[in-house]
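**Student:** Quick one: the structure is below, and I'll ask about it shortly.
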Amino acid sequence: MCRYAAVVLLLFFGNVFHLSHSTQVNVTDKDGKLCLYANLTASFSVSYEVIPDKNITVSFELPKNVTTEGSQCDTKSSTLKLNFGEGHSLSMNFTMNGKVYQADSITFSYNLSDSVRFPNSLLNETVSVTTKPQITNVGVDTCYSCKSKDLIQADLVNVTLSDVLIQAFVSNGSKSEQITSCKADQPTTPAPPTTHSTNATTPPPTTTPTPTPTLPTPTTGKYSINTVNSTACLLANFGLRIGLKQGEKYQEINLEPNMTKATGSCGANSSELQLTSNSMTIMFSFTSDTTKFRLHALNFTTKTSSGAEFSEVNTNLSLWEATIGSSYMCNKEQNYTITSLLTLYTFNLQVQPFKVTKNAFSTAHECSLDDTSILIPIIVGAALAGLILIVVIAYVIGRRKTYVGYQTL
């Protein structure tokens with residue numbers, strides 16, 4: 001019995017420590033049959049006002065545990081609504097048209113009175129932003145699949161979807177195994193060869209348009225600003241991607257560290273890091289008070305593919321905040337809405353703009369996406385609950401065997 005209990009416990013711990021960031025839901029109709037299925041990952045970046053004319057940006061993910069109140073299914077339309085936290089929700093509306101369906105809108109609602117996600121918010125209201133996602137021409141009785149990241153931008157808000165698997169119209173109560181993939185996941189397919197007889201006119205060659213390639217993860221660059229005695233006074237490590245929006249066109253650019261020059265300055269209350277490459281110039285301006293520092297301004301300039309100059313600036317940021325004498329670190333990908341036309345993506349980020357000692361980063365203040373310490377009490381509690389359940393089951397089985405033995409005697 002102990003051997004079996006050990007096996008069960010091992011399997012239990014394996015499941016406890018397998019942490020998934022995806023959110024899976026099953027919506028049923030009035031008869032209890034599955035009518036809508038969804039499994040996806042979503043992250044949010046929201047800029048909000050803390051004092052008049054000063055905004056800060058926060059980032060968070062769609063949690064694994066959500067409710068689906070407000071979701072509904074019909075033969076021609078369906079709604080997926082994922083509710084989480086203190087009054088936040090992500091919803092999608094779908095409609096059927098013949099043998100295909102599409103998503104007509106996606107709405108993100110966030111409650112600024114939630115002091116955990118939006119500390120010191122000047123407003124205490126729920127804000128909703130709605131836009132149209134690129135989910136179209138999904139075959140009936142198939143699941144829409146898109147593993148690639150899909151950035152959806154609205155005023156002051158970025159929503160990034162990835163690893164999406166949705167069937168908005170489930171028939172017969174069971175999810176389809178057939179897939180309709182998004183364009184970003186589809187490989188480039190060369191045009192098939194044509195055959196013709198010697199007497200026929202040779203048709204012109206056909207061409208297949210090449211989809212825009214997905215950019216690789218940016219290379220992590222290591223940048224520093226030195227004082228006159230060659231001692232570092234500012235350190236910054238990160239991979240950087242810039243998203244630009246011009247009219248209906250959206251473009252992303254990776255910063256290449258081996259083609260980038262770092263310049264800047266260090267002061268008692270302000271420091272600057274300017275990165276200049278062949279394709280862009282970006283200035284990070286940091287400020288400090290008596291206890292903490294933060295990134296408070298960003299100025300970006302580049303030339304677009306058409307040759308026109310693109311320039312955006314925000315001087316009311318409050319990002320990458322940490323105690324003076326420490327560094328700020330966030331290894332996971334983050335995205336920030338700098339302006340309505342400019343988005344910043346960071347990878348493997350660590351910065352220290354003040355009080356650098358021995359040319360090395362000081363103790364890091366980790367972002368909420370990296371900090372898994374909150375999971376430890378949850379995991380331990382779940383493990384103990386599972387252990388107690390196993391002991392109870394083992395005790396009941398043992399008692400039952402003993403009782404049967406007495407009856408036999």
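Labels for the structure tokens follow display order: chains A, B, ..., residues from 1 in each chain, ligands from 1.
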Per DSSP on the backbone, filter stretch 157-343 of chain A down to the residues in strand (DSSP E or B) and report them as a PyMOL selection string.
**Tutor:** chain A and resi 157-167+179-181+221-226+232-246+249-254+261-266+270-276+280-288+292-303+309-314+319-323+327-330+334-339+342-343
**Student:** Can you pull out every residue within 12 Å of A:Thr75, counting only C-alpha atoms, but drop anything in the same chain fewer than 4 positions away, and send it as a PDB file with N, CA and C atoms, in the first residue's frame?
**Tutor:**
```
ATOM      1  N   ASP A  29     -24.297  24.629 -23.333  1.00  0.00           N
ATOM      2  CA  ASP A  29     -25.620  25.181 -23.605  1.00  0.00           C
ATOM      3  C   ASP A  29     -26.583  24.781 -22.490  1.00  0.00           C
ATOM      4  N   CYS A  35     -20.694  23.812 -26.201  1.00  0.00           N
ATOM      5  CA  CYS A  35     -21.065  24.599 -27.380  1.00  0.00           C
ATOM      6  C   CYS A  35     -19.988  25.592 -27.788  1.00  0.00           C
ATOM      7  N   LEU A  36     -18.997  25.840 -26.900  1.00  0.00           N
ATOM      8  CA  LEU A  36     -17.883  26.745 -27.237  1.00  0.00           C
ATOM      9  C   LEU A  36     -16.675  26.325 -26.429  1.00  0.00           C
ATOM     10  N   THR A  79     -20.760  34.180 -27.952  1.00  0.00           N
ATOM     11  CA  THR A  79     -19.934  35.121 -27.193  1.00  0.00           C
ATOM     12  C   THR A  79     -19.095  34.355 -26.187  1.00  0.00           C
ATOM     13  N   PHE A  94     -18.580  36.223 -31.957  1.00  0.00           N
ATOM     14  CA  PHE A  94     -18.425  35.483 -33.204  1.00  0.00           C
ATOM     15  C   PHE A  94     -19.765  35.419 -33.931  1.00  0.00           C
ATOM     16  N   THR A  95     -19.706  35.375 -35.262  1.00  0.00           N
ATOM     17  CA  THR A  95     -20.915  35.166 -36.066  1.00  0.00           C
ATOM     18  C   THR A  95     -20.632  34.128 -37.141  1.00  0.00           C
ATOM     19  N   MET A  96     -21.673  33.368 -37.477  1.00  0.00           N
ATOM     20  CA  MET A  96     -21.597  32.346 -38.515  1.00  0.00           C
ATOM     21  C   MET A  96     -22.121  32.920 -39.825  1.00  0.00           C
ATOM     22  N   ASN A  97     -21.420  32.630 -40.913  1.00  0.00           N
ATOM     23  CA  ASN A  97     -21.855  33.076 -42.235  1.00  0.00           C
ATOM     24  C   ASN A  97     -21.682  31.904 -43.204  1.00  0.00           C
ATOM     25  N   GLY A  98     -22.765  31.161 -43.405  1.00  0.00           N
ATOM     26  CA  GLY A  98     -22.673  30.001 -44.287  1.00  0.00           C
ATOM     27  C   GLY A  98     -21.844  28.905 -43.659  1.00  0.00           C
ATOM     28  N   LYS A  99     -20.728  28.554 -44.308  1.00  0.00           N
ATOM     29  CA  LYS A  99     -19.876  27.469 -43.835  1.00  0.00           C
ATOM     30  C   LYS A  99     -18.612  27.968 -43.143  1.00  0.00           C
ATOM     31  N   TYR A 101     -17.044  30.947 -40.014  1.00  0.00           N
ATOM     32  CA  TYR A 101     -17.383  31.915 -38.977  1.00  0.00           C
ATOM     33  C   TYR A 101     -16.189  32.829 -38.745  1.00  0.00           C
ATOM     34  N   VAL A 140     -16.513  25.922 -40.596  1.00  0.00           N
ATOM     35  CA  VAL A 140     -17.454  25.382 -39.622  1.00  0.00           C
ATOM     36  C   VAL A 140     -16.984  23.994 -39.199  1.00  0.00           C
ATOM     37  N   ALA A 168     -15.737  28.299 -31.844  1.00  0.00           N
ATOM     38  CA  ALA A 168     -16.834  29.154 -31.393  1.00  0.00           C
ATOM     39  C   ALA A 168     -18.197  28.515 -31.592  1.00  0.00           C
ATOM     40  N   PHE A 169     -18.284  27.511 -32.462  1.00  0.00           N
ATOM     41  CA  PHE A 169     -19.551  26.826 -32.719  1.00  0.00           C
ATOM     42  C   PHE A 169     -19.291  25.317 -32.703  1.00  0.00           C
ATOM     43  N   VAL A 170     -19.519  24.710 -31.554  1.00  0.00           N
ATOM     44  CA  VAL A 170     -19.292  23.267 -31.390  1.00  0.00           C
ATOM     45  C   VAL A 170     -20.600  22.539 -31.677  1.00  0.00           C
ATOM     46  N   SER A 171     -20.540  21.554 -32.557  1.00  0.00           N
ATOM     47  CA  SER A 171     -21.732  20.759 -32.872  1.00  0.00           C
ATOM     48  C   SER A 171     -21.623  19.385 -32.223  1.00  0.00           C
TER      49      SER A 171
END
```
**Student:** If we count only C-alpha atoms and set the cut-off at 8 Å, which residues sit around A:Lys261, ignoring sequence neighbours fewer than 6 positions away in its own chain? Please answer as a PyMOL selection string.
**Tutor:** chain A and resi 275-277
**Student:** Now that the selection is made, can you save its residues with N, CA, C and O atoms as a compact mmCIF listing (two decimals), in the first residue's frame?
**Tutor:**
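Saved as result_36.txt:
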```txt
# COMPACT_ATOMS: atom_id res chain seq x y z
N LEU A 275 20.72 55.01 -27.40
CA LEU A 275 21.17 53.92 -28.26
C LEU A 275 20.93 54.32 -29.71
O LEU A 275 19.80 54.66 -30.09
N THR A 276 22.00 54.28 -30.51
CA THR A 276 21.91 54.70 -31.90
C THR A 276 22.39 53.57 -32.79
O THR A 276 23.49 53.05 -32.63
N SER A 277 21.53 53.17 -33.73
CA SER A 277 21.89 52.15 -34.72
C SER A 277 21.65 52.72 -36.11
O SER A 277 21.29 53.89 -36.27
```
**Student:** Which is closer to A:Phe84 than all the others in A:Glu256, A:Asp185, A:Glu49, A:Glu69, using only C-alpha atoms?
**Tutor:**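 Once distances to A:Phe84 are computed over only C-alpha atoms, the minimum belongs to A:Glu69.
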**Student:** Using only C-alpha atoms for the distances, tell me which of A:Thr287, A:Asn299, A:Thr219, A:Thr227 is nearest to A:Asn258.
**Tutor:**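 Using only C-alpha atoms, A:Asn258 sits closest to A:Thr219.
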**Student:** Nearest to A:Val58: which of A:Asn158, A:Leu215, A:Asp289, A:Asn348 is it, counting only C-alpha atoms?
**Tutor:**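 Once distances to A:Val58 are computed over only C-alpha atoms, the minimum belongs to A:Asn158.
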**Student:** Excluding A:Leu295 and residues on its chain fewer than 3 positions from it, collect all residues at most 6 Å away from it, counting only C-alpha atoms, and give them as a list of chain:residue names.
**Tutor:** A:Ser285, A:Phe286, A:Ser318, A:Leu319, A:Trp320
**Student:** Go through A:Ala322, A:Ile56, A:Asn124, A:Tyr223 and flag the residue nearest A:Asn359, using only C-alpha atoms for the distances.
**Tutor:**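 Between A:Ala322, A:Ile56, A:Asn124, A:Tyr223, the residue approaching A:Asn359 most closely is A:Tyr223.
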**Student:** Name the residues in contact with A:Thr304 at a cut-off of 9 Å, using only C-alpha atoms, excluding same-chain residues fewer than 3 positions from it; report them as JSON, numbers by chain.
**Tutor:** {"A": [244, 251, 279, 307, 308, 309, 310]}
**Student:** Let me see the file: selected residues, N, CA and C atoms, as a PDB file, in the first residue's frame.
**Tutor:**
```
ATOM      1  N   LEU A 244       5.780  49.991 -34.511  1.00  0.00           N
ATOM      2  CA  LEU A 244       5.363  51.290 -35.040  1.00  0.00           C
ATOM      3  C   LEU A 244       4.030  51.161 -35.749  1.00  0.00           C
ATOM      4  N   GLN A 251       4.436  47.977 -38.123  1.00  0.00           N
ATOM      5  CA  GLN A 251       5.774  47.471 -38.425  1.00  0.00           C
ATOM      6  C   GLN A 251       6.538  47.241 -37.124  1.00  0.00           C
ATOM      7  N   SER A 279      19.267  52.008 -37.957  1.00  0.00           N
ATOM      8  CA  SER A 279      17.833  52.127 -38.248  1.00  0.00           C
ATOM      9  C   SER A 279      17.062  52.983 -37.260  1.00  0.00           C
ATOM     10  N   GLY A 307      10.827  55.595 -46.143  1.00  0.00           N
ATOM     11  CA  GLY A 307      11.814  56.672 -46.088  1.00  0.00           C
ATOM     12  C   GLY A 307      11.372  57.866 -45.264  1.00  0.00           C
ATOM     13  N   ALA A 308      10.130  57.873 -44.791  1.00  0.00           N
ATOM     14  CA  ALA A 308       9.642  58.993 -43.993  1.00  0.00           C
ATOM     15  C   ALA A 308      10.161  58.886 -42.562  1.00  0.00           C
ATOM     16  N   GLU A 309      10.371  60.038 -41.918  1.00  0.00           N
ATOM     17  CA  GLU A 309      10.844  60.036 -40.536  1.00  0.00           C
ATOM     18  C   GLU A 309       9.685  59.804 -39.587  1.00  0.00           C
ATOM     19  N   PHE A 310       9.912  58.929 -38.610  1.00  0.00           N
ATOM     20  CA  PHE A 310       8.915  58.610 -37.597  1.00  0.00           C
ATOM     21  C   PHE A 310       9.509  58.968 -36.244  1.00  0.00           C
TER      22      PHE A 310
END
```
**Student:** Considering only C-alpha atoms, can you say which of A:Phe361, A:Tyr328, A:Tyr345, A:Phe284 comes closest to A:Thr160?
**Tutor:** A:Tyr345
**Student:** Please list as number ranges by chain every residue within 12 Å of stretch 337-344 of chain A, counting only C-alpha atoms and excluding residues in the same chain fewer than 6 positions away.
**Tutor:** A: 44-48, 55-59, 151-160, 238-255, 282, 284, 295-302, 310-319
**Student:** Could you tell me, as a compact mmCIF listing (two decimals) with all heavy atoms, in the first residue's frame, which residues of stretch 9-97 of chain A DSSP assigns to alpha helix (DSSP H) when given the backbone?
**Tutor:**
```
# COMPACT_ATOMS: atom_id res chain seq x y z
N LEU A 9 1.61 9.86 -4.93
CA LEU A 9 2.18 11.13 -4.46
C LEU A 9 3.13 11.71 -5.47
O LEU A 9 3.15 12.92 -5.72
CB LEU A 9 2.89 10.89 -3.13
CG LEU A 9 3.41 12.15 -2.40
CD1 LEU A 9 2.25 13.09 -2.10
CD2 LEU A 9 4.14 11.77 -1.12
N LEU A 10 3.95 10.87 -6.12
CA LEU A 10 4.88 11.34 -7.14
C LEU A 10 4.13 11.96 -8.31
O LEU A 10 4.48 13.02 -8.80
CB LEU A 10 5.75 10.18 -7.61
CG LEU A 10 6.77 10.51 -8.74
CD1 LEU A 10 7.75 11.57 -8.25
CD2 LEU A 10 7.50 9.25 -9.18
N LEU A 11 3.05 11.26 -8.74
CA LEU A 11 2.25 11.81 -9.83
C LEU A 11 1.60 13.11 -9.43
O LEU A 11 1.51 14.06 -10.21
CB LEU A 11 1.18 10.79 -10.24
CG LEU A 11 1.69 9.51 -10.89
CD1 LEU A 11 0.54 8.54 -11.11
CD2 LEU A 11 2.39 9.81 -12.21
N PHE A 12 1.15 13.17 -8.17
CA PHE A 12 0.51 14.40 -7.70
C PHE A 12 1.47 15.57 -7.73
O PHE A 12 1.15 16.65 -8.21
CB PHE A 12 -0.02 14.17 -6.28
CG PHE A 12 -0.54 15.42 -5.64
CD1 PHE A 12 -1.79 15.91 -5.97
CD2 PHE A 12 0.24 16.12 -4.73
CE1 PHE A 12 -2.28 17.06 -5.41
CE2 PHE A 12 -0.24 17.28 -4.15
CZ PHE A 12 -1.49 17.75 -4.49
N PHE A 13 2.69 15.38 -7.20
CA PHE A 13 3.67 16.46 -7.20
C PHE A 13 4.06 16.84 -8.60
O PHE A 13 4.30 18.01 -8.89
CB PHE A 13 4.92 16.06 -6.40
CG PHE A 13 4.80 16.37 -4.95
CD1 PHE A 13 4.50 15.36 -4.03
CD2 PHE A 13 4.95 17.65 -4.48
CE1 PHE A 13 4.38 15.65 -2.69
CE2 PHE A 13 4.84 17.94 -3.13
CZ PHE A 13 4.55 16.94 -2.23
N GLY A 14 4.11 15.85 -9.51
CA GLY A 14 4.43 16.19 -10.89
C GLY A 14 3.40 17.12 -11.47
O GLY A 14 3.71 18.06 -12.19
N ASN A 15 2.11 16.89 -11.15
CA ASN A 15 1.06 17.76 -11.66
C ASN A 15 1.08 19.12 -11.00
O ASN A 15 0.80 20.13 -11.61
CB ASN A 15 -0.31 17.10 -11.45
CG ASN A 15 -0.52 15.94 -12.39
OD1 ASN A 15 0.02 15.94 -13.49
ND2 ASN A 15 -1.28 14.94 -11.96
N VAL A 16 1.39 19.16 -9.68
CA VAL A 16 1.41 20.44 -8.98
C VAL A 16 2.46 21.37 -9.55
O VAL A 16 2.22 22.55 -9.74
CB VAL A 16 1.64 20.19 -7.46
CG1 VAL A 16 1.98 21.49 -6.77
CG2 VAL A 16 0.40 19.55 -6.84
```
**Student:** Restricting the calculation to only C-alpha atoms, which member of A:Ser181, A:Ser224, A:Asn278, A:Thr357 is positioned closest to A:Ala262?
**Tutor:**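 The shortest atom-to-atom distance to A:Ala262 comes from A:Ser224.
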